[in-house]
>>> print(open('start18.cif').read())   # mmCIF, C-alpha atoms and all ligand atoms
data_entry
#
loop_
_atom_site.label_atom_id
_atom_site.label_comp_id
_atom_site.auth_asym_id
_atom_site.auth_seq_id
_atom_site.Cartn_x
_atom_site.Cartn_y
_atom_site.Cartn_z
CA MET P 5 -2.34 -30.01 45.71
CA LEU P 6 -0.14 -29.99 42.64
CA LEU P 7 2.14 -27.36 44.06
CA GLN P 8 2.96 -29.63 46.99
CA LYS P 9 3.91 -32.36 44.55
CA TYR P 10 6.20 -29.86 42.92
CA LEU P 11 7.71 -28.90 46.25
CA GLN P 12 8.56 -32.55 46.93
CA THR P 13 10.69 -32.58 43.80
CA ILE P 14 12.26 -29.27 44.56
CA GLU P 15 15.35 -30.80 46.08
CA LYS P 16 16.37 -31.53 42.53
CA ILE P 17 15.98 -27.83 41.76
CA ASN P 18 17.78 -25.14 43.71
CA PRO P 19 15.13 -24.08 46.28
CA ASN P 20 16.75 -20.66 46.39
CA LYS P 21 16.38 -20.12 42.65
CA ILE P 22 12.98 -21.12 41.39
CA TYR P 23 12.07 -19.58 38.07
CA VAL P 24 8.63 -19.45 36.47
CA GLU P 25 10.23 -21.53 33.73
CA ASN P 26 10.98 -24.36 36.23
CA VAL P 27 7.35 -24.40 37.35
CA ARG P 28 6.11 -24.18 33.75
CA GLY P 29 8.30 -27.12 32.74
CA PHE P 30 7.28 -29.24 35.72
CA PHE P 31 3.54 -28.79 35.35
CA LYS P 32 3.61 -28.42 31.56
CA VAL P 33 1.36 -25.39 31.76
CA PRO P 34 1.49 -22.09 29.86
CA THR P 35 3.86 -19.46 31.26
CA PHE P 36 1.04 -17.23 32.53
CA VAL P 37 -0.41 -20.15 34.53
CA ALA P 38 3.03 -20.95 35.99
CA LYS P 39 3.47 -17.27 36.89
CA LEU P 40 0.04 -17.27 38.57
CA MET P 41 0.95 -20.41 40.55
CA CYS P 42 4.15 -18.76 41.75
CA GLU P 43 2.28 -15.59 42.75
CA MET P 44 -0.28 -17.69 44.64
CA ALA P 45 2.57 -19.48 46.42
CA VAL P 46 3.87 -16.05 47.45
CA VAL P 47 0.45 -15.10 48.84
CA ASP P 48 0.38 -18.43 50.72
CA LYS P 49 3.92 -17.65 51.98
CA VAL P 50 5.25 -20.84 50.40
CA PHE P 51 7.51 -18.84 48.10
CA ILE P 52 9.38 -15.58 48.63
CA LYS P 53 9.61 -13.39 45.56
CA LYS P 54 13.02 -11.98 44.69
CA ILE P 55 14.22 -9.52 42.08
CA ALA P 56 17.70 -10.07 40.66
CA LEU P 57 19.78 -7.46 38.84
CA ILE P 58 21.74 -8.76 35.88
CA CYS P 59 25.12 -7.30 34.90
CA SER P 60 24.89 -5.67 31.49
CA ASN P 61 28.39 -6.64 30.36
CA GLU P 62 27.69 -9.25 27.70
CA ASP P 63 30.53 -11.52 28.77
CA CYS P 64 29.41 -11.30 32.40
CA ASN P 65 25.58 -11.40 32.55
CA ARG P 66 25.76 -12.54 36.15
CA VAL P 67 23.30 -11.81 38.89
CA ILE P 68 24.88 -8.88 40.73
CA ALA P 69 22.44 -8.84 43.62
CA SER P 70 18.90 -9.79 44.52
CA TYR P 71 16.28 -8.00 46.55
CA ASN P 72 12.98 -8.74 48.24
CA SER P 73 11.22 -5.81 46.61
CA ALA P 74 11.75 -3.08 44.04
CA ASN P 75 11.92 -0.54 46.88
CA GLU P 76 15.12 -2.12 48.17
CA ILE P 77 17.01 -1.72 44.91
CA PRO P 78 19.66 1.01 45.19
CA GLU P 79 20.12 3.55 42.39
CA ILE P 80 23.70 2.57 41.70
CA ILE P 81 25.29 -0.86 41.88
CA THR P 82 28.76 -2.26 41.32
CA CYS P 83 29.46 -5.62 39.69
CA SER P 84 32.39 -6.79 41.79
CA ILE P 85 33.28 -9.47 39.26
CA CYS P 86 33.62 -6.97 36.42
CA GLU P 87 35.52 -4.67 38.76
CA LEU P 88 37.98 -7.47 39.57
CA GLU P 89 38.36 -8.22 35.88
CA ASP P 90 39.17 -4.55 35.17
CA LYS P 91 36.25 -4.11 32.79
CA GLU P 92 35.60 -0.65 31.42
CA ASN P 93 32.15 -0.57 33.00
CA TYR P 94 31.31 -2.09 36.33
CA ILE P 95 29.22 0.59 38.03
CA TYR P 96 25.65 0.75 36.80
CA GLU P 97 22.48 2.67 37.29
CA THR P 98 20.12 -0.06 38.35
CA ARG P 99 17.24 1.32 36.27
CA ASN P 100 19.25 0.44 33.15
CA LEU P 101 19.88 -3.16 34.18
CA ASP P 102 17.80 -6.18 33.27
CA LYS P 103 15.84 -7.51 36.20
CA ILE P 104 14.78 -11.12 36.63
CA GLU P 105 12.10 -12.23 39.04
CA PHE P 106 12.58 -15.53 40.77
CA TYR P 107 11.27 -17.28 43.83
CA GLN P 108 12.72 -18.93 46.88
CA LEU P 109 11.19 -21.57 49.03
CA ASN P 110 10.09 -19.89 52.25
CA THR P 111 12.05 -21.97 54.74
CA LEU P 112 10.87 -19.83 57.66
CA LYS P 113 7.37 -21.14 57.13
CA ASN P 114 8.59 -24.75 57.06
CA GLU P 115 10.15 -24.36 60.49
CA GLN P 116 6.90 -23.29 62.08
ZN ZN P 201 29.56 -8.04 35.66
#
>>> encode(input="start18.cif", output="structure tokens")
Amino acid sequence: MLLQKYLQTIEKINPNKIYVENVRGFFKVPTFVAKLMCEMAVVDKVFIKKIALICSNEDCNRVIASYNSANEIPEIITCSICELEDKENYIYETRNLDKIEFYQLNTLKNEQ
């Protein structure tokens, strides 16, 4: 299967941060196909889906935290980097933050 071929190359990509864009680029398929492949990999327990919250300070834009599902996202979150840098804003309502979905290789399955 093509996805397995992709997984063999994954060492070159961070297996903890697989974006639809990585899959799209590798297989040279449209984004919706790449997204579908990722979702199928989640169903097959090859990938774990994660949701990352992005800091809204323009000069930060870092991933503050990532979660396994939308239900796990707290209402309020602190960007510790912005806090350390004494930014005006560093506590956010998570519903106002950009969220990025990414995937991780399910290493638990590989150990079985
Ligand atoms: Zn920040």
>>> residues_around(input="start18.cif", residues="range 47-50 of chain P", least_positions_apart="4", cutoff="12 Å", atoms="all atoms listed in the file", output="list in words")
Leu7, Gln8, Tyr10, Leu11, Pro19, Ile22, Leu40, Met41, Cys42, Glu43, Tyr107, Gln108, Leu109, Asn110, Thr111, Leu112, Lys113, Asn114, Glu115 and Gln116 of chain P
>>> residues_near_ligand(input="start18.cif", ligand="ligand ZN 201 (chain P)", cutoff="10 Å", atoms="only C-alpha atoms and all ligand atoms", output="list in words")
Ile58, Cys59, Ser60, Asn61, Glu62, Asp63, Cys64, Asn65, Arg66, Val67, Ile68, Thr82, Cys83, Ser84, Ile85, Cys86, Glu87, Leu88, Glu89, Lys91, Asn93, Tyr94, Ile95 and Tyr96 of chain P
>>> write_last_selection(input="start18.cif", atoms="C-alpha atoms", output="CSV table (one decimal), in the frame of the given file")
chain,number,residue,atom,x,y,z
P,58,ILE,CA,21.7,-8.8,35.9
P,59,CYS,CA,25.1,-7.3,34.9
P,60,SER,CA,24.9,-5.7,31.5
P,61,ASN,CA,28.4,-6.6,30.4
P,62,GLU,CA,27.7,-9.2,27.7
P,63,ASP,CA,30.5,-11.5,28.8
P,64,CYS,CA,29.4,-11.3,32.4
P,65,ASN,CA,25.6,-11.4,32.6
P,66,ARG,CA,25.8,-12.5,36.2
P,67,VAL,CA,23.3,-11.8,38.9
P,68,ILE,CA,24.9,-8.9,40.7
P,82,THR,CA,28.8,-2.3,41.3
P,83,CYS,CA,29.5,-5.6,39.7
P,84,SER,CA,32.4,-6.8,41.8
P,85,ILE,CA,33.3,-9.5,39.3
P,86,CYS,CA,33.6,-7.0,36.4
P,87,GLU,CA,35.5,-4.7,38.8
P,88,LEU,CA,38.0,-7.5,39.6
P,89,GLU,CA,38.4,-8.2,35.9
P,91,LYS,CA,36.2,-4.1,32.8
P,93,ASN,CA,32.2,-0.6,33.0
P,94,TYR,CA,31.3,-2.1,36.3
P,95,ILE,CA,29.2,0.6,38.0
P,96,TYR,CA,25.6,0.8,36.8
>>> residues_around(input="start18.cif", residues="Lys103 in chain P", least_positions_apart="2", cutoff="7 Å", atoms="all atoms listed in the file", output="ChimeraX atom specification")
/P:55-58,101,105
>>> atom_distance(input="start18.cif", atom1="CA of Asn26 in chain P", atom2="CA of Tyr71 in chain P")
20.1 Å
>>> atom_distance(input="start18.cif", atom1="CA of Lys32 in chain P", atom2="CA of Lys16 in chain P")
17.1 Å
>>> atom_distance(input="start18.cif", atom1="CA of Ser73 in chain P", atom2="CA of Lys54 in chain P")
6.7 Å
>>> closest_residue(input="start18.cif", among="P:Val37, P:Phe30, P:Ile52, P:Asp102", to="Ile17 in chain P", atoms="all atoms listed in the file")
P:Phe30
>>> closest_residue(input="start18.cif", among="P:Arg99, P:Met44, P:Phe51, P:Glu79", to="Lys21 in chain P", atoms="all atoms listed in the file")
P:Phe51
